[in-house]
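Source file: work_10.pdb; contents: PDB, C-alpha atoms, pLDDT in the B column.
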ATOM      1  CA  LEU A   1      59.595   1.187  -4.521  1.00 79.00           C
ATOM      2  CA  LEU A   2      57.548   3.551  -2.443  1.00 79.00           C
ATOM      3  CA  ALA A   3      55.456   0.611  -1.279  1.00 75.00           C
ATOM      4  CA  SER A   4      52.926   2.614   0.724  1.00 78.00           C
ATOM      5  CA  ARG A   5      52.039   4.626  -2.404  1.00 81.00           C
ATOM      6  CA  ASP A   6      52.637   1.937  -5.086  1.00 86.00           C
ATOM      7  CA  ILE A   7      55.137   4.124  -6.936  1.00 89.00           C
ATOM      8  CA  ARG A   8      58.282   2.839  -8.636  1.00 89.00           C
ATOM      9  CA  VAL A   9      61.403   5.040  -8.561  1.00 91.00           C
ATOM     10  CA  VAL A  10      64.376   4.657 -10.902  1.00 92.00           C
ATOM     11  CA  ALA A  11      67.424   6.900 -10.535  1.00 94.00           C
ATOM     12  CA  VAL A  12      70.323   6.986 -13.004  1.00 94.00           C
ATOM     13  CA  ILE A  13      73.709   8.716 -12.934  1.00 96.00           C
ATOM     14  CA  ALA A  14      75.287   8.709 -16.415  1.00 96.00           C
ATOM     15  CA  THR A  15      78.102  11.248 -16.124  1.00 97.00           C
ATOM     16  CA  ASP A  16      81.032   9.027 -17.094  1.00 97.00           C
ATOM     17  CA  VAL A  17      79.331   7.334 -20.043  1.00 96.00           C
ATOM     18  CA  SER A  18      78.078  10.706 -21.296  1.00 97.00           C
ATOM     19  CA  ARG A  19      81.571  12.179 -21.260  1.00 97.00           C
ATOM     20  CA  ARG A  20      82.980   9.066 -22.925  1.00 97.00           C
ATOM     21  CA  GLY A  21      80.323   9.196 -25.661  1.00 96.00           C
ATOM     22  CA  ARG A  22      81.052  12.874 -26.257  1.00 97.00           C
ATOM     23  CA  ASP A  23      84.784  12.182 -26.523  1.00 97.00           C
ATOM     24  CA  ILE A  24      84.457   9.146 -28.812  1.00 97.00           C
ATOM     25  CA  HIS A  25      82.221  11.025 -31.246  1.00 97.00           C
ATOM     26  CA  HIS A  26      83.948  14.407 -30.858  1.00 97.00           C
ATOM     27  CA  ALA A  27      80.488  15.795 -30.165  1.00 97.00           C
ATOM     28  CA  ARG A  28      80.049  19.505 -29.672  1.00 97.00           C
ATOM     29  CA  SER A  29      77.940  21.033 -26.904  1.00 95.00           C
ATOM     30  CA  ALA A  30      74.336  20.516 -28.068  1.00 96.00           C
ATOM     31  CA  ALA A  31      75.004  17.102 -29.611  1.00 97.00           C
ATOM     32  CA  ALA A  32      76.840  15.982 -26.448  1.00 97.00           C
ATOM     33  CA  ALA A  33      74.049  17.188 -24.157  1.00 97.00           C
ATOM     34  CA  LEU A  34      71.294  15.490 -26.171  1.00 97.00           C
ATOM     35  CA  LEU A  35      73.311  12.260 -26.329  1.00 98.00           C
ATOM     36  CA  ALA A  36      73.801  12.466 -22.540  1.00 98.00           C
ATOM     37  CA  GLU A  37      70.057  12.924 -21.963  1.00 97.00           C
ATOM     38  CA  SER A  38      69.421   9.930 -24.224  1.00 97.00           C
ATOM     39  CA  PHE A  39      71.875   7.786 -22.259  1.00 97.00           C
ATOM     40  CA  VAL A  40      69.842   8.545 -19.136  1.00 97.00           C
ATOM     41  CA  ALA A  41      66.532   7.785 -20.879  1.00 96.00           C
ATOM     42  CA  ALA A  42      67.777   4.465 -22.299  1.00 95.00           C
ATOM     43  CA  SER A  43      69.219   3.488 -18.899  1.00 93.00           C
ATOM     44  CA  VAL A  44      65.889   4.170 -17.219  1.00 92.00           C
ATOM     45  CA  LEU A  45      64.120   1.985 -19.778  1.00 90.00           C
ATOM     46  CA  SER A  46      66.657  -0.801 -19.220  1.00 88.00           C
ATOM     47  CA  ALA A  47      66.210  -0.579 -15.456  1.00 86.00           C
ATOM     48  CA  LEU A  48      62.492  -1.143 -15.976  1.00 83.00           C
ATOM     49  CA  GLN A  49      63.393  -4.371 -17.812  1.00 76.00           C
ATOM     50  CA  LEU A  50      65.775  -5.799 -15.170  1.00 64.00           C
ATOM     51  CA  GLN A  51      63.729  -8.940 -14.678  1.00 61.00           C
ATOM     52  CA  LYS A  52      64.561  -9.958 -18.255  1.00 62.00           C
ATOM     53  CA  SER A  53      68.302 -10.596 -18.304  1.00 66.00           C
ATOM     54  CA  ASN A  54      68.626 -10.657 -22.099  1.00 74.00           C
ATOM     55  CA  ALA A  55      66.379  -7.669 -22.817  1.00 77.00           C
ATOM     56  CA  LYS A  56      67.716  -4.778 -24.913  1.00 87.00           C
ATOM     57  CA  ILE A  57      66.401  -1.290 -25.507  1.00 91.00           C
ATOM     58  CA  ASN A  58      66.848   0.783 -28.654  1.00 94.00           C
ATOM     59  CA  PHE A  59      66.094   4.452 -28.025  1.00 95.00           C
ATOM     60  CA  GLN A  60      65.919   6.520 -31.205  1.00 97.00           C
ATOM     61  CA  LEU A  61      65.184  10.140 -31.967  1.00 97.00           C
ATOM     62  CA  GLU A  62      64.577  11.322 -35.533  1.00 97.00           C
ATOM     63  CA  CYS A  63      64.185  15.025 -36.265  1.00 97.00           C
ATOM     64  CA  ASP A  64      64.394  17.576 -39.072  1.00 96.00           C
ATOM     65  CA  GLY A  65      66.765  19.886 -37.168  1.00 95.00           C
ATOM     66  CA  ALA A  66      70.534  20.139 -37.422  1.00 96.00           C
ATOM     67  CA  LEU A  67      71.042  17.103 -35.146  1.00 97.00           C
ATOM     68  CA  ARG A  68      68.987  14.908 -37.537  1.00 97.00           C
ATOM     69  CA  GLY A  69      68.673  12.258 -34.840  1.00 97.00           C
ATOM     70  CA  LEU A  70      70.415   9.921 -32.451  1.00 98.00           C
ATOM     71  CA  PHE A  71      70.430   6.286 -31.404  1.00 98.00           C
ATOM     72  CA  VAL A  72      71.200   4.644 -28.055  1.00 97.00           C
ATOM     73  CA  GLU A  73      71.176   0.950 -27.206  1.00 95.00           C
ATOM     74  CA  SER A  74      71.186  -0.370 -23.659  1.00 92.00           C
ATOM     75  CA  ASP A  75      70.685  -3.678 -21.949  1.00 85.00           C
ATOM     76  CA  ALA A  76      69.638  -4.924 -18.540  1.00 77.00           C
ATOM     77  CA  SER A  77      73.282  -5.299 -17.441  1.00 80.00           C
ATOM     78  CA  GLY A  78      73.821  -1.547 -17.825  1.00 80.00           C
ATOM     79  CA  LEU A  79      75.853  -1.550 -21.040  1.00 89.00           C
ATOM     80  CA  LEU A  80      75.248   1.519 -23.214  1.00 92.00           C
ATOM     81  CA  ARG A  81      76.316   2.637 -26.638  1.00 95.00           C
ATOM     82  CA  GLY A  82      75.044   5.360 -28.880  1.00 96.00           C
ATOM     83  CA  TYR A  83      75.705   8.004 -31.470  1.00 97.00           C
ATOM     84  CA  VAL A  84      74.310  11.230 -32.841  1.00 97.00           C
ATOM     85  CA  LYS A  85      73.823  11.679 -36.569  1.00 98.00           C
ATOM     86  CA  ASN A  86      75.456  15.109 -36.544  1.00 97.00           C
ATOM     87  CA  PRO A  87      77.998  15.429 -33.713  1.00 97.00           C
ATOM     88  CA  LEU A  88      78.964  18.936 -34.835  1.00 97.00           C
ATOM     89  CA  VAL A  89      75.751  20.543 -33.545  1.00 96.00           C
ATOM     90  CA  ASP A  90      76.552  23.249 -31.025  1.00 94.00           C
ATOM     91  CA  ILE A  91      73.525  25.537 -31.404  1.00 90.00           C
ATOM     92  CA  GLU A  92      70.920  25.924 -28.727  1.00 84.00           C
ATOM     93  CA  GLY A  93      68.245  28.393 -27.800  1.00 83.00           C
ATOM     94  CA  THR A  94      67.879  30.191 -24.522  1.00 82.00           C
ATOM     95  CA  ARG A  95      67.568  27.985 -21.458  1.00 79.00           C
ATOM     96  CA  GLY A  96      64.060  26.814 -20.827  1.00 76.00           C
ATOM     97  CA  GLU A  97      61.279  25.654 -23.045  1.00 77.00           C
ATOM     98  CA  TYR A  98      63.025  26.214 -26.401  1.00 82.00           C
ATOM     99  CA  ARG A  99      66.600  25.320 -25.483  1.00 88.00           C
ATOM    100  CA  TRP A 100      66.974  22.416 -27.952  1.00 92.00           C
ATOM    101  CA  ARG A 101      64.560  23.608 -30.625  1.00 92.00           C
ATOM    102  CA  PRO A 102      67.372  24.881 -32.918  1.00 93.00           C
ATOM    103  CA  ALA A 103      69.057  21.461 -32.788  1.00 95.00           C
ATOM    104  CA  LEU A 104      65.882  19.368 -33.044  1.00 95.00           C
ATOM    105  CA  GLY A 105      63.921  21.422 -35.569  1.00 94.00           C
ATOM    106  CA  ASN A 106      60.159  21.443 -36.071  1.00 94.00           C
ATOM    107  CA  SER A 107      59.170  17.803 -36.462  1.00 96.00           C
ATOM    108  CA  GLY A 108      60.352  14.401 -35.398  1.00 96.00           C
ATOM    109  CA  PHE A 109      59.698  11.177 -33.531  1.00 97.00           C
ATOM    110  CA  LEU A 110      60.928   9.424 -30.411  1.00 96.00           C
ATOM    111  CA  SER A 111      60.916   5.637 -30.822  1.00 96.00           C
ATOM    112  CA  VAL A 112      61.609   2.809 -28.423  1.00 94.00           C
ATOM    113  CA  LEU A 113      62.216  -0.773 -29.488  1.00 93.00           C
ATOM    114  CA  ARG A 114      62.212  -3.293 -26.661  1.00 87.00           C
ATOM    115  CA  ASP A 115      63.866  -6.601 -27.505  1.00 83.00           C
ATOM    116  CA  GLN A 116      62.359  -8.884 -24.873  1.00 72.00           C
ATOM    117  CA  GLY A 117      64.621 -11.744 -25.948  1.00 71.00           C
ATOM    118  CA  GLY A 118      63.602 -14.911 -27.733  1.00 73.00           C
ATOM    119  CA  GLY A 119      62.430 -13.015 -30.819  1.00 75.00           C
ATOM    120  CA  GLU A 120      59.812 -10.979 -28.957  1.00 78.00           C
ATOM    121  CA  PHE A 121      59.848  -7.245 -29.831  1.00 84.00           C
ATOM    122  CA  PHE A 122      57.751  -4.256 -28.839  1.00 86.00           C
ATOM    123  CA  ARG A 123      58.099  -0.977 -30.766  1.00 91.00           C
ATOM    124  CA  SER A 124      56.405   2.303 -30.050  1.00 93.00           C
ATOM    125  CA  SER A 125      56.837   5.851 -31.334  1.00 94.00           C
ATOM    126  CA  VAL A 126      55.520   9.238 -30.350  1.00 95.00           C
ATOM    127  CA  GLU A 127      55.698  12.464 -32.263  1.00 96.00           C
ATOM    128  CA  LEU A 128      57.912  15.159 -30.755  1.00 95.00           C
ATOM    129  CA  LYS A 129      55.657  17.851 -29.313  1.00 94.00           C
ATOM    130  CA  GLU A 130      57.808  19.573 -26.704  1.00 92.00           C
ATOM    131  CA  PHE A 131      61.193  19.385 -28.502  1.00 93.00           C
ATOM    132  CA  ASP A 132      62.700  18.790 -25.086  1.00 92.00           C
ATOM    133  CA  LEU A 133      63.900  15.226 -24.636  1.00 93.00           C
ATOM    134  CA  PRO A 134      62.859  14.720 -20.973  1.00 92.00           C
ATOM    135  CA  ARG A 135      59.357  16.126 -21.566  1.00 92.00           C
ATOM    136  CA  ASP A 136      58.868  14.139 -24.779  1.00 94.00           C
ATOM    137  CA  PHE A 137      60.191  11.037 -22.996  1.00 94.00           C
ATOM    138  CA  GLN A 138      57.588  11.546 -20.267  1.00 93.00           C
ATOM    139  CA  ARG A 139      54.986  11.965 -22.989  1.00 93.00           C
ATOM    140  CA  TYR A 140      56.114   8.626 -24.446  1.00 94.00           C
ATOM    141  CA  PHE A 141      54.958   6.909 -21.238  1.00 92.00           C
ATOM    142  CA  GLU A 142      51.650   8.776 -21.237  1.00 91.00           C
ATOM    143  CA  VAL A 143      50.797   8.102 -24.890  1.00 93.00           C
ATOM    144  CA  SER A 144      52.486   4.816 -25.697  1.00 89.00           C
ATOM    145  CA  GLU A 145      52.502   2.896 -22.427  1.00 87.00           C
ATOM    146  CA  GLN A 146      49.587   4.733 -20.813  1.00 88.00           C
ATOM    147  CA  ILE A 147      51.286   4.732 -17.407  1.00 88.00           C
ATOM    148  CA  ASP A 148      51.315   7.785 -15.136  1.00 89.00           C
ATOM    149  CA  THR A 149      54.984   8.772 -15.091  1.00 92.00           C
ATOM    150  CA  GLY A 150      57.165  11.663 -14.004  1.00 92.00           C
ATOM    151  CA  VAL A 151      60.587  12.161 -15.604  1.00 93.00           C
ATOM    152  CA  ALA A 152      63.426  14.545 -14.797  1.00 93.00           C
ATOM    153  CA  ILE A 153      66.755  14.513 -16.640  1.00 95.00           C
ATOM    154  CA  GLU A 154      69.362  17.095 -15.739  1.00 95.00           C
ATOM    155  CA  ILE A 155      72.831  18.078 -16.872  1.00 95.00           C
ATOM    156  CA  VAL A 156      74.614  20.260 -14.350  1.00 96.00           C
ATOM    157  CA  PRO A 157      77.819  21.918 -15.604  1.00 94.00           C
ATOM    158  CA  GLN A 158      80.740  22.126 -13.187  1.00 95.00           C
ATOM    159  CA  ASN A 159      83.487  24.685 -13.732  1.00 94.00           C
ATOM    160  CA  ARG A 160      84.453  24.304 -17.411  1.00 93.00           C
ATOM    161  CA  GLU A 161      82.945  20.836 -17.779  1.00 95.00           C
ATOM    162  CA  GLN A 162      79.626  21.044 -19.636  1.00 94.00           C
ATOM    163  CA  LEU A 163      78.741  17.485 -18.582  1.00 96.00           C
ATOM    164  CA  GLY A 164      79.615  18.063 -14.911  1.00 96.00           C
ATOM    165  CA  LYS A 165      76.873  15.785 -13.575  1.00 97.00           C
ATOM    166  CA  VAL A 166      74.378  13.888 -15.732  1.00 98.00           C
ATOM    167  CA  GLY A 167      71.458  12.090 -14.173  1.00 97.00           C
ATOM    168  CA  GLY A 168      67.781  11.475 -14.085  1.00 96.00           C
ATOM    169  CA  ILE A 169      64.904  10.058 -12.152  1.00 94.00           C
ATOM    170  CA  LEU A 170      61.694   8.345 -13.170  1.00 94.00           C
ATOM    171  CA  LEU A 171      58.620   8.017 -10.970  1.00 92.00           C
ATOM    172  CA  GLN A 172      55.906   5.673 -12.142  1.00 91.00           C
ATOM    173  CA  THR A 173      52.684   4.390 -10.640  1.00 87.00           C
ATOM    174  CA  LEU A 174      52.186   0.689 -10.243  1.00 87.00           C
ATOM    175  CA  PRO A 175      48.664  -0.701 -10.769  1.00 85.00           C
ATOM    176  CA  GLY A 176      46.485   1.049  -8.199  1.00 82.00           C
ATOM    177  CA  GLY A 177      49.264   3.534  -7.411  1.00 80.00           C
ATOM    178  CA  ASP A 178      48.714   6.952  -5.866  1.00 80.00           C
ATOM    179  CA  VAL A 179      48.585   9.331  -8.855  1.00 85.00           C
ATOM    180  CA  ILE A 180      48.249  12.454  -6.662  1.00 84.00           C
ATOM    181  CA  THR A 181      51.472  11.605  -4.794  1.00 82.00           C
ATOM    182  CA  LEU A 182      53.178  10.871  -8.111  1.00 82.00           C
ATOM    183  CA  ARG A 183      52.253  14.341  -9.409  1.00 86.00           C
ATOM    184  CA  GLU A 184      53.416  16.016  -6.172  1.00 85.00           C
ATOM    185  CA  LEU A 185      56.753  14.166  -6.261  1.00 82.00           C
ATOM    186  CA  SER A 186      57.167  14.883  -9.976  1.00 81.00           C
ATOM    187  CA  GLU A 187      56.740  18.622  -9.363  1.00 82.00           C
ATOM    188  CA  ARG A 188      59.557  18.521  -6.825  1.00 81.00           C
TER     189      ARG A 188
END
Can you present the structure in this file as structure tokens?
Amino acid sequence: LLASRDIRVVAVIATDVSRRGRDIHHARSAAAALLAESFVAASVLSALQLQKSNAKINFQLECDGALRGLFVESDASGLLRGYVKNPLVDIEGTRGEYRWRPALGNSGFLSVLRDQGGGEFFRSSVELKEFDLPRDFQRYFEVSEQIDTGVAIEIVPQNREQLGKVGGILLQTLPGGDVITLRELSER
């Protein structure tokens, strides 16, 4: 917590699990990268649920592109598992705004199912607008949860390893939090 600004910070490193997921599913480059980004997103959501020891998160992406979709499940203890519908996807656009558009297509949804335990569920979906998982994940918080949030998910290749380092950070205002500081930190 950034207590003086009422901002929550969650940081996740998911390099090992991302590589393991890629290897288990024999996923090619684009499929492996999108699965890795989803592992980070699901881990962030689980970290937000830490107070509920039996909570589970289902993070799902459905799209009309070559990937067709993916699914990741995580829990408050940090366990992750997931798969991509088409692990053979290795097409991507130029780096930047349209990098994953060839894999994701032109329409789709990002859905989150929170199993709060004891038969209590919360499900929310947002339409893909950016076709960039971190930006659509941030949009999920804006539209579905209506909480000012900043999200960054990065995959940094190292030498010949595409998934050299995989990680992410979430910044989120608490009630009465400093939205201006959140935006400044998110830009950085």
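Counting only C-alpha atoms, the residue from A:Ala36, A:Arg114, A:Ile7, A:Ala31 that sits nearest to A:Ser186 is A:Ile7.
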List every protein, DNA or RNA residue with an atom no more than 12 Å from (78.1, 10.8, -22.7) in the file's coordinates, counting all atoms listed in the file, and format the result as a ChimeraX atom specification. /A:13-40,72,80-84,87,155,162-167
Quote the spacing between atom CA of A:Glu73 and atom CA of A:Ala103 in Å to one decimal place.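 A separation of 21.4 Å between them.
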Explicit residue set for the PyMOL selection byres ((chain A and resi 56-58) around 6), as a list in words: Ala55, Phe59, Val72, Glu73, Ser74, Asp75, Val112, Leu113, Arg114 and Asp115 of chain A
Going by the chain IDs and residue numbers used in this file, which residues fall under the PyMOL selection byres ((chain A and resi 8) around 8)? Write them as a ChimeraX atom specification. /A:1-2,6-7,9-10,170-174
List every protein, DNA or RNA residue that has at least one atom no more than 7 Å from (75.9, 19.0, -35.4) in the file's coordinates, counting all atoms listed in the file, and write the result as a compact mmCIF listing (two decimals) with C-alpha atoms, in the frame of the given file.
# COMPACT_ATOMS: atom_id res chain seq x y z
CA ALA A 31 75.00 17.10 -29.61
CA ALA A 66 70.53 20.14 -37.42
CA LEU A 67 71.04 17.10 -35.15
CA ASN A 86 75.46 15.11 -36.54
CA PRO A 87 78.00 15.43 -33.71
CA LEU A 88 78.96 18.94 -34.84
CA VAL A 89 75.75 20.54 -33.54
CA ASP A 90 76.55 23.25 -31.02
Give me, as a ChimeraX atom specification, all polymer residues having an atom no more than 9 Å from stretch 175-179 of chain A, counting only C-alpha atoms and skipping those fewer than 5 positions away in the same chain. /A:4-7,147-149,184
To one decimal place in Å, what is the distance between atom CA of A:Leu133 and atom CA of A:Leu104?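 Separation of atom CA of A:Leu133 and atom CA of A:Leu104: 9.6 Å.
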Draw an axis-aligned box tight on the listed atoms of stretch 170-179 of chain A, then pad every side by 4 Å and write out centre and edge lengths in Å to one decimal as JSON.
{"center_x": 54.1, "center_y": 4.3, "center_z": -9.5, "size_x": 23.2, "size_y": 18.0, "size_z": 15.3}
Minimum-distance residue to A:Phe137, chosen among A:Ser111, A:Gln116, A:Thr94, A:Asn54 (using all atoms listed in the file):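 For A:Phe137, the nearest of the given residues is A:Ser111.
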Which residues are near A:Glu127? Cut-off 12 Å, all atoms listed in the file, ignore same chain within fewer than 4 positions. Put them as a PDB file with C-alpha atoms, in the coordinates of the input.
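Written out: selection.pdb:
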ATOM      1  CA  GLN A  60      65.919   6.520 -31.205  1.00 97.00           C
ATOM      2  CA  LEU A  61      65.184  10.140 -31.967  1.00 97.00           C
ATOM      3  CA  GLU A  62      64.577  11.322 -35.533  1.00 97.00           C
ATOM      4  CA  CYS A  63      64.185  15.025 -36.265  1.00 97.00           C
ATOM      5  CA  ASN A 106      60.159  21.443 -36.071  1.00 94.00           C
ATOM      6  CA  SER A 107      59.170  17.803 -36.462  1.00 96.00           C
ATOM      7  CA  GLY A 108      60.352  14.401 -35.398  1.00 96.00           C
ATOM      8  CA  PHE A 109      59.698  11.177 -33.531  1.00 97.00           C
ATOM      9  CA  LEU A 110      60.928   9.424 -30.411  1.00 96.00           C
ATOM     10  CA  SER A 111      60.916   5.637 -30.822  1.00 96.00           C
ATOM     11  CA  VAL A 112      61.609   2.809 -28.423  1.00 94.00           C
ATOM     12  CA  PHE A 131      61.193  19.385 -28.502  1.00 93.00           C
ATOM     13  CA  ASP A 132      62.700  18.790 -25.086  1.00 92.00           C
ATOM     14  CA  LEU A 133      63.900  15.226 -24.636  1.00 93.00           C
ATOM     15  CA  ARG A 135      59.357  16.126 -21.566  1.00 92.00           C
ATOM     16  CA  ASP A 136      58.868  14.139 -24.779  1.00 94.00           C
ATOM     17  CA  PHE A 137      60.191  11.037 -22.996  1.00 94.00           C
ATOM     18  CA  ARG A 139      54.986  11.965 -22.989  1.00 93.00           C
ATOM     19  CA  TYR A 140      56.114   8.626 -24.446  1.00 94.00           C
ATOM     20  CA  VAL A 143      50.797   8.102 -24.890  1.00 93.00           C
ATOM     21  CA  SER A 144      52.486   4.816 -25.697  1.00 89.00           C
TER      22      SER A 144
END
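Note that atom CA of A:Arg183 and atom CA of A:Gly93 are 28.1 Å apart.
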Best match for closeness to A:Ala152 among A:Leu182, A:Ala11, A:Leu48, A:Leu79, counting only C-alpha atoms: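 Closest residue, counting only C-alpha atoms: A:Ala11.
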For A:Val44, which residue among A:Pro134, A:Gly117, A:Pro102, A:Gly65 is the nearest when counting all atoms listed in the file? A:Pro134
Between A:Ile180, A:Val156, A:Ala76, A:Leu128, which has the minimum distance to A:Gly105 (counting all atoms listed in the file)? A:Leu128
